[in-house]
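Chemist: Sending over input.pdb (PDB, C-alpha atoms, pLDDT in the B column).
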ATOM      1  CA  MET A 841      72.722-108.043 115.882  1.00 90.00           C
ATOM      2  CA  ASN A 842      75.528-109.615 113.902  1.00 93.00           C
ATOM      3  CA  LEU A 843      79.105-108.328 114.128  1.00 92.00           C
ATOM      4  CA  TYR A 844      81.712-109.958 111.884  1.00 92.00           C
ATOM      5  CA  ALA A 845      84.901-109.396 109.887  1.00 93.00           C
ATOM      6  CA  LYS A 846      85.701-110.043 106.224  1.00 94.00           C
ATOM      7  CA  TYR A 847      88.384-109.271 103.714  1.00 91.00           C
ATOM      8  CA  PHE A 848      87.305-107.419 100.584  1.00 88.00           C
ATOM      9  CA  SER A 849      87.961-110.519  98.467  1.00 92.00           C
ATOM     10  CA  GLU A 850      85.246-112.332 100.463  1.00 95.00           C
ATOM     11  CA  PHE A 851      82.541-109.772  99.599  1.00 92.00           C
ATOM     12  CA  ASN A 852      79.981-110.411  96.881  1.00 92.00           C
ATOM     13  CA  VAL A 853      78.915-107.614  94.523  1.00 91.00           C
ATOM     14  CA  GLU A 854      75.854-106.663  96.591  1.00 93.00           C
ATOM     15  CA  GLU A 855      77.922-106.402  99.782  1.00 92.00           C
ATOM     16  CA  VAL A 856      80.501-104.160  98.090  1.00 89.00           C
ATOM     17  CA  PHE A 857      77.770-101.852  96.821  1.00 87.00           C
ATOM     18  CA  GLU A 858      76.013-101.836 100.210  1.00 91.00           C
ATOM     19  CA  LEU A 859      79.228-101.019 102.102  1.00 89.00           C
ATOM     20  CA  PHE A 860      80.257 -98.205  99.768  1.00 86.00           C
ATOM     21  CA  ARG A 861      76.742 -96.721  99.715  1.00 89.00           C
ATOM     22  CA  PHE A 862      76.601 -96.864 103.530  1.00 86.00           C
ATOM     23  CA  ARG A 863      79.939 -95.076 103.922  1.00 84.00           C
ATOM     24  CA  GLN A 864      79.060 -92.540 101.223  1.00 85.00           C
ATOM     25  CA  ASN A 865      75.831 -91.660 103.043  1.00 82.00           C
ATOM     26  CA  ILE A 866      77.748 -90.931 106.257  1.00 82.00           C
ATOM     27  CA  PHE A 867      81.131 -89.580 105.159  1.00 80.00           C
ATOM     28  CA  VAL A 868      80.027 -87.621 102.084  1.00 72.00           C
ATOM     29  CA  PHE A 869      76.351 -86.697 102.405  1.00 75.00           C
ATOM     30  CA  GLU A 870      75.793 -86.507 106.184  1.00 78.00           C
ATOM     31  CA  GLN A 871      79.112 -84.783 106.885  1.00 70.00           C
ATOM     32  CA  GLU A 872      78.991 -82.719 103.686  1.00 71.00           C
ATOM     33  CA  ASN A 873      82.574 -83.717 102.998  1.00 67.00           C
ATOM     34  CA  ILE A 874      83.258 -84.097  99.302  1.00 63.00           C
ATOM     35  CA  THR A 875      86.343 -86.279  99.432  1.00 65.00           C
ATOM     36  CA  GLU A 876      87.164 -89.686  98.072  1.00 65.00           C
ATOM     37  CA  ASP A 877      85.944 -92.360 100.478  1.00 66.00           C
ATOM     38  CA  ILE A 878      86.728 -95.432  98.382  1.00 68.00           C
ATOM     39  CA  ASP A 879      90.438 -96.072  97.966  1.00 72.00           C
ATOM     40  CA  GLU A 880      92.981 -98.775  97.164  1.00 77.00           C
ATOM     41  CA  ALA A 881      93.286 -99.731 100.851  1.00 79.00           C
ATOM     42  CA  ASP A 882      89.736-101.135 100.734  1.00 81.00           C
ATOM     43  CA  LYS A 883      91.093-104.046  98.681  1.00 86.00           C
ATOM     44  CA  THR A 884      93.461-105.296 101.394  1.00 86.00           C
ATOM     45  CA  ALA A 885      91.782-104.039 104.583  1.00 89.00           C
ATOM     46  CA  ARG A 886      90.013-106.204 107.132  1.00 91.00           C
ATOM     47  CA  HIS A 887      86.431-104.864 107.204  1.00 94.00           C
ATOM     48  CA  ILE A 888      84.293-105.127 110.343  1.00 96.00           C
ATOM     49  CA  LEU A 889      80.545-105.045 109.659  1.00 95.00           C
ATOM     50  CA  LEU A 890      77.594-104.636 112.025  1.00 96.00           C
ATOM     51  CA  ARG A 891      74.111-105.674 110.926  1.00 96.00           C
ATOM     52  CA  ASN A 892      70.816-105.371 112.763  1.00 95.00           C
ATOM     53  CA  ASP A 893      68.548-108.370 113.361  1.00 95.00           C
ATOM     54  CA  GLY A 894      66.942-107.812 109.964  1.00 96.00           C
ATOM     55  CA  GLY A 895      70.332-108.067 108.240  1.00 95.00           C
ATOM     56  CA  ARG A 896      70.634-104.370 107.359  1.00 95.00           C
ATOM     57  CA  LEU A 897      74.098-102.808 107.608  1.00 94.00           C
ATOM     58  CA  ILE A 898      74.131-100.293 110.486  1.00 96.00           C
ATOM     59  CA  GLY A 899      77.863 -99.939 111.186  1.00 96.00           C
ATOM     60  CA  CYS A 900      81.307-100.597 109.780  1.00 95.00           C
ATOM     61  CA  CYS A 901      85.005 -99.908 110.086  1.00 94.00           C
ATOM     62  CA  ARG A 902      88.199-101.197 108.538  1.00 92.00           C
ATOM     63  CA  LEU A 903      91.742-102.039 109.582  1.00 93.00           C
ATOM     64  CA  ASP A 904      94.441-100.859 107.154  1.00 89.00           C
ATOM     65  CA  ALA A 905      98.040-102.074 107.274  1.00 82.00           C
ATOM     66  CA  LEU A 906     100.453 -99.196 107.909  1.00 70.00           C
ATOM     67  CA  ASP A 907     103.900-100.742 108.087  1.00 68.00           C
ATOM     68  CA  PRO A 908     105.773-103.977 108.709  1.00 63.00           C
ATOM     69  CA  ASP A 909     106.205-103.055 112.404  1.00 67.00           C
ATOM     70  CA  ARG A 910     102.837-104.662 113.204  1.00 74.00           C
ATOM     71  CA  GLU A 911     100.825-101.449 113.182  1.00 83.00           C
ATOM     72  CA  LEU A 912      97.323-100.966 111.778  1.00 90.00           C
ATOM     73  CA  GLN A 913      95.150 -97.937 111.246  1.00 91.00           C
ATOM     74  CA  LEU A 914      91.490 -98.052 112.249  1.00 95.00           C
ATOM     75  CA  ARG A 915      89.534 -96.129 109.620  1.00 92.00           C
ATOM     76  CA  ARG A 916      86.073 -95.478 108.247  1.00 90.00           C
ATOM     77  CA  VAL A 917      84.365 -96.088 111.604  1.00 93.00           C
ATOM     78  CA  ALA A 918      80.677 -95.382 111.051  1.00 92.00           C
ATOM     79  CA  ILE A 919      77.353 -96.091 112.740  1.00 95.00           C
ATOM     80  CA  GLU A 920      74.091 -95.015 111.121  1.00 94.00           C
ATOM     81  CA  LYS A 921      72.514 -92.009 112.835  1.00 94.00           C
ATOM     82  CA  PRO A 922      69.481 -93.793 114.416  1.00 94.00           C
ATOM     83  CA  SER A 923      71.789 -96.408 116.002  1.00 94.00           C
ATOM     84  CA  ARG A 924      74.259 -93.991 117.599  1.00 93.00           C
ATOM     85  CA  ARG A 925      74.689 -93.506 121.368  1.00 93.00           C
ATOM     86  CA  LYS A 926      73.707 -97.123 122.045  1.00 95.00           C
ATOM     87  CA  GLY A 927      77.183 -98.575 122.621  1.00 93.00           C
ATOM     88  CA  LEU A 928      77.474 -99.995 119.110  1.00 96.00           C
ATOM     89  CA  GLY A 929      80.515 -97.899 118.182  1.00 94.00           C
ATOM     90  CA  LEU A 930      82.286 -99.269 121.248  1.00 94.00           C
ATOM     91  CA  ARG A 931      81.446-102.834 120.222  1.00 95.00           C
ATOM     92  CA  LEU A 932      82.628-102.214 116.673  1.00 95.00           C
ATOM     93  CA  ILE A 933      85.977-100.901 117.947  1.00 95.00           C
ATOM     94  CA  GLN A 934      86.355-103.831 120.362  1.00 94.00           C
ATOM     95  CA  ARG A 935      85.799-106.306 117.538  1.00 95.00           C
ATOM     96  CA  ALA A 936      88.387-104.507 115.397  1.00 94.00           C
ATOM     97  CA  GLU A 937      90.865-104.706 118.284  1.00 94.00           C
ATOM     98  CA  ARG A 938      90.272-108.443 118.693  1.00 92.00           C
ATOM     99  CA  GLU A 939      90.883-108.927 114.962  1.00 91.00           C
ATOM    100  CA  ALA A 940      94.131-106.984 115.295  1.00 90.00           C
ATOM    101  CA  VAL A 941      95.327-109.034 118.284  1.00 88.00           C
ATOM    102  CA  VAL A 942      94.635-112.301 116.446  1.00 86.00           C
ATOM    103  CA  ILE A 943      96.886-111.280 113.552  1.00 83.00           C
ATOM    104  CA  GLY A 944      99.622-110.106 115.934  1.00 83.00           C
ATOM    105  CA  VAL A 945      99.336-106.339 115.611  1.00 86.00           C
ATOM    106  CA  HIS A 946     101.217-104.296 118.237  1.00 84.00           C
ATOM    107  CA  ARG A 947      99.433-100.980 117.893  1.00 90.00           C
ATOM    108  CA  ILE A 948      96.393 -99.343 116.304  1.00 94.00           C
ATOM    109  CA  VAL A 949      96.424 -95.702 115.243  1.00 95.00           C
ATOM    110  CA  ILE A 950      93.419 -93.544 114.413  1.00 95.00           C
ATOM    111  CA  GLU A 951      93.011 -90.191 112.739  1.00 94.00           C
ATOM    112  CA  SER A 952      89.826 -89.374 114.613  1.00 94.00           C
ATOM    113  CA  GLN A 953      87.419 -86.595 113.909  1.00 91.00           C
ATOM    114  CA  PHE A 954      87.844 -84.330 116.909  1.00 96.00           C
ATOM    115  CA  TYR A 955      84.254 -84.521 118.125  1.00 92.00           C
ATOM    116  CA  VAL A 956      84.429 -88.355 118.366  1.00 92.00           C
ATOM    117  CA  ARG A 957      87.720 -88.559 120.300  1.00 96.00           C
ATOM    118  CA  LYS A 958      86.004 -89.270 123.644  1.00 95.00           C
ATOM    119  CA  LEU A 959      84.642 -92.561 122.286  1.00 94.00           C
ATOM    120  CA  TYR A 960      88.182 -93.681 121.475  1.00 95.00           C
ATOM    121  CA  GLU A 961      89.462 -92.444 124.841  1.00 96.00           C
ATOM    122  CA  LYS A 962      86.852 -94.702 126.517  1.00 94.00           C
ATOM    123  CA  CYS A 963      88.432 -97.575 124.588  1.00 94.00           C
ATOM    124  CA  GLY A 964      91.929 -96.737 125.856  1.00 95.00           C
ATOM    125  CA  TYR A 965      93.275 -94.687 122.946  1.00 97.00           C
ATOM    126  CA  ARG A 966      95.449 -91.689 123.745  1.00 97.00           C
ATOM    127  CA  ILE A 967      95.887 -88.489 121.767  1.00 98.00           C
ATOM    128  CA  THR A 968      99.304 -88.213 120.102  1.00 97.00           C
ATOM    129  CA  SER A 969      98.969 -84.997 118.091  1.00 97.00           C
ATOM    130  CA  GLU A 970      97.666 -81.481 118.205  1.00 98.00           C
ATOM    131  CA  PRO A 971      94.309 -80.994 116.459  1.00 97.00           C
ATOM    132  CA  TYR A 972      94.582 -80.502 112.692  1.00 96.00           C
ATOM    133  CA  PHE A 973      92.220 -80.123 109.765  1.00 94.00           C
ATOM    134  CA  ASP A 974      91.725 -82.755 107.099  1.00 86.00           C
ATOM    135  CA  GLY A 975      89.719 -80.816 104.558  1.00 80.00           C
ATOM    136  CA  SER A 976      87.217 -78.853 106.600  1.00 83.00           C
ATOM    137  CA  ILE A 977      86.968 -81.387 109.440  1.00 87.00           C
ATOM    138  CA  LYS A 978      89.010 -81.099 112.648  1.00 94.00           C
ATOM    139  CA  HIS A 979      90.945 -84.280 113.512  1.00 95.00           C
ATOM    140  CA  VAL A 980      93.395 -85.607 116.091  1.00 98.00           C
ATOM    141  CA  ARG A 981      95.758 -88.575 115.853  1.00 97.00           C
ATOM    142  CA  MET A 982      95.319 -91.261 118.526  1.00 97.00           C
ATOM    143  CA  GLU A 983      96.863 -94.637 119.276  1.00 96.00           C
ATOM    144  CA  LYS A 984      96.502 -97.713 121.448  1.00 96.00           C
ATOM    145  CA  ARG A 985      99.135-100.362 122.146  1.00 92.00           C
ATOM    146  CA  LEU A 986      97.739-103.890 121.930  1.00 86.00           C
ATOM    147  CA  TRP A 987     100.854-105.918 122.802  1.00 69.00           C
ATOM    148  CA  PHE A 988     103.635-105.643 125.349  1.00 52.00           C
ATOM    149  CA  HIS A 989     106.646-105.736 123.022  1.00 50.00           C
ATOM    150  CA  SER A 990     109.022-107.449 125.466  1.00 46.00           C
ATOM    151  CA  GLU A 991     106.602-110.162 126.562  1.00 51.00           C
ATOM    152  CA  ARG A 992     104.704-110.784 123.310  1.00 56.00           C
ATOM    153  CA  ARG A 993     101.409-111.009 125.128  1.00 54.00           C
ATOM    154  CA  PRO A 994      98.289-108.923 124.614  1.00 52.00           C
ATOM    155  CA  VAL A 995      97.649-105.806 126.641  1.00 51.00           C
ATOM    156  CA  MET A 996      94.286-106.042 128.391  1.00 47.00           C
ATOM    157  CA  VAL A 997      91.738-105.378 125.654  1.00 47.00           C
ATOM    158  CA  MET A 998      88.333-104.261 126.890  1.00 42.00           C
ATOM    159  CA  PRO A 999      86.015-107.190 127.697  1.00 40.00           C
ATOM    160  CA  SER A1000      83.918-108.385 124.830  1.00 40.00           C
ATOM    161  CA  LEU A1001      80.289-107.390 124.578  1.00 38.00           C
ATOM    162  CA  GLU A1002      79.438-110.027 121.992  1.00 41.00           C
ATOM    163  CA  LEU A1003      76.627-109.470 119.547  1.00 41.00           C
ATOM    164  CA  GLY A1004      76.594-112.844 117.839  1.00 43.00           C
ATOM    165  CA  THR A1005      79.718-113.114 115.742  1.00 42.00           C
ATOM    166  CA  THR A1006      80.693-115.313 112.873  1.00 40.00           C
TER
END
Output the file's structure as structure tokens, nothing else.

Modeler:
Amino acid sequence: MNLYAKYFSEFNVEEVFELFRFRQNIFVFEQENITEDIDEADKTARHILLRNDGGRLIGCCRLDALDPDRELQLRRVAIEKPSRRKGLGLRLIQRAEREAVVIGVHRIVIESQFYVRKLYEKCGYRITSEPYFDGSIKHVRMEKRLWFHSERRPVMVMPSLELGTT
């Protein structure tokens, strides 16, 4: 397994196509949710990619900047169906959190699909809203603080379960 982070500007054409096709298969076709998946935030986001030993993309997520107060949004978290329930989503989130800490982010927010919220709770995220619908899918807003504001040191981030990073 290979788990790594890249900015969009570092992708080649094949990687862009592969990432967008992967997300389309999950967020549009699998979830039968006809909404725009590709957006302007893809251009500036930090993308976290998970590949199997054969090099095939099996998971991804991205970190989007929200505001100048050192806050990011974790979005487009996806693991292919055959690879789910194996701890890979947890590892993907942990890698995203480490990326956020390195760049000095204080807090990560998520607009989680309701049925996935327990995964984020395992990672230390807390629910900050009542359930709501985004299109036809039930969501809840969640957040996790990564830094103690007064001390400028990281909050304990879950221990790494490295997969061979670059």

Chemist: Which of these residues is nearest to A:Arg981, using all atoms listed in the file: A:Gln913, A:Phe867, A:Gln934, A:Lys921?

Modeler: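 Selected residue with least distance to A:Arg981: A:Gln913.
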
Chemist: Given the PyMOL selection byres ((chain A and resi 897-907) around 7) and the file above, list the residues it selects as a list of chain:residue names.

Modeler: A:Ala881, A:Ala885, A:Arg886, A:His887, A:Ile888, A:Leu889, A:Leu890, A:Arg891, A:Asn892, A:Gly895, A:Arg896, A:Pro908, A:Asp909, A:Arg910, A:Glu911, A:Leu912, A:Gln913, A:Leu914, A:Arg915, A:Arg916, A:Val917, A:Ala918, A:Ile919, A:Glu920

Chemist: Exactly which residues make up the result of the PyMOL selection byres ((chain A and resi 883) around 8) on this file, given as a PDB file with C-alpha atoms, in the frame of the given file?

Modeler:
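So result_3.pdb came out as:
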ATOM      1  CA  TYR A 847      88.384-109.271 103.714  1.00 91.00           C
ATOM      2  CA  PHE A 848      87.305-107.419 100.584  1.00 88.00           C
ATOM      3  CA  SER A 849      87.961-110.519  98.467  1.00 92.00           C
ATOM      4  CA  GLU A 880      92.981 -98.775  97.164  1.00 77.00           C
ATOM      5  CA  ALA A 881      93.286 -99.731 100.851  1.00 79.00           C
ATOM      6  CA  ASP A 882      89.736-101.135 100.734  1.00 81.00           C
ATOM      7  CA  THR A 884      93.461-105.296 101.394  1.00 86.00           C
ATOM      8  CA  ALA A 885      91.782-104.039 104.583  1.00 89.00           C
TER       9      ALA A 885
END

Chemist: Could you list the residues chosen by the PyMOL selection byres ((chain A and resi 965) around 9) in this structure as number ranges by chain?

Modeler: A: 948-950, 957, 959-964, 966-967, 982-985

Chemist: Which value, in Å to one decimal, gives the distance between atom CA of A:Arg931 and atom CA of A:Phe973?

Modeler: 27.2 Å

Chemist: Using only C-alpha atoms, find the one residue out of A:Val941, A:Tyr972, A:Ile977, A:Tyr844 that sits nearest to A:Val868.

Modeler: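 Looking only at the distances to A:Val868, the closest residue turns out to be A:Ile977.
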
Chemist: Please, what distance in Å, to one decimal, runs between atom CA of A:Ile866 and atom CA of A:Asn852?

Modeler: 21.7 Å

Chemist: What is the atom CA of A:Phe954-atom CA of A:His979 distance in Å, reported with one decimal?

Modeler: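 Separation between atom CA of A:Phe954 and atom CA of A:His979: 4.6 Å.
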
Chemist: Between A:Glu872, A:Asp974, A:Asp879, A:Glu855, which is the closest to A:Gln953 once you count all atoms listed in the file?

Modeler: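 Under the stated criterion, the closest residue is A:Asp974.
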
Chemist: Hey, which of A:Leu932, A:Leu986, A:Leu843, A:Val956 ends up closest to A:Gly944? Count all atoms listed in the file.

Modeler: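 Answer, going by the shortest atom-to-atom distance: A:Leu986.
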
Chemist: Nearest residue to A:Asp893 out of A:Phe857, A:Gln871, A:Asn842, A:Ser952, using all atoms listed in the file?

Modeler: A:Asn842
